[in-house]
Amino acid sequence: MSRTSTTNDQQADDALRVRREQVAARHASGVAGLYQRRDDLAGIVPMADLVEEAVRWTA
């Protein structure tokens, strides 16, 4: 494999990693915002509760 293709692959991997992190942050922010607007949702979906709590701890 040539050095150029390895560099291109690494750049593509880096770009994909950044995009995934951005999407994850946007979704976590959306869950936290939803929980702020709708207190009645707490306790219904345990994973959403975990995400919401994690966002609060990192704020």
# chains A, B, ... in the order shown; residues from 1 in each chain; ligands from 1
>>> residues_around(residues="range 18-35 of chain A", least_positions_apart="3", cutoff="7 Å", atoms="only C-alpha atoms", output="PyMOL selection string")
chain A and resi 14-15+38-39+41+48+51-52+55
>>> select_by_dssp(residues="chain A", states="alpha helix (DSSP H)", output="ChimeraX atom specification")
/A:3-37,46-58
>>> atom_distance(atom1="CA of Gln36 in chain A", atom2="CA of Arg56 in chain A")
10.8 Å
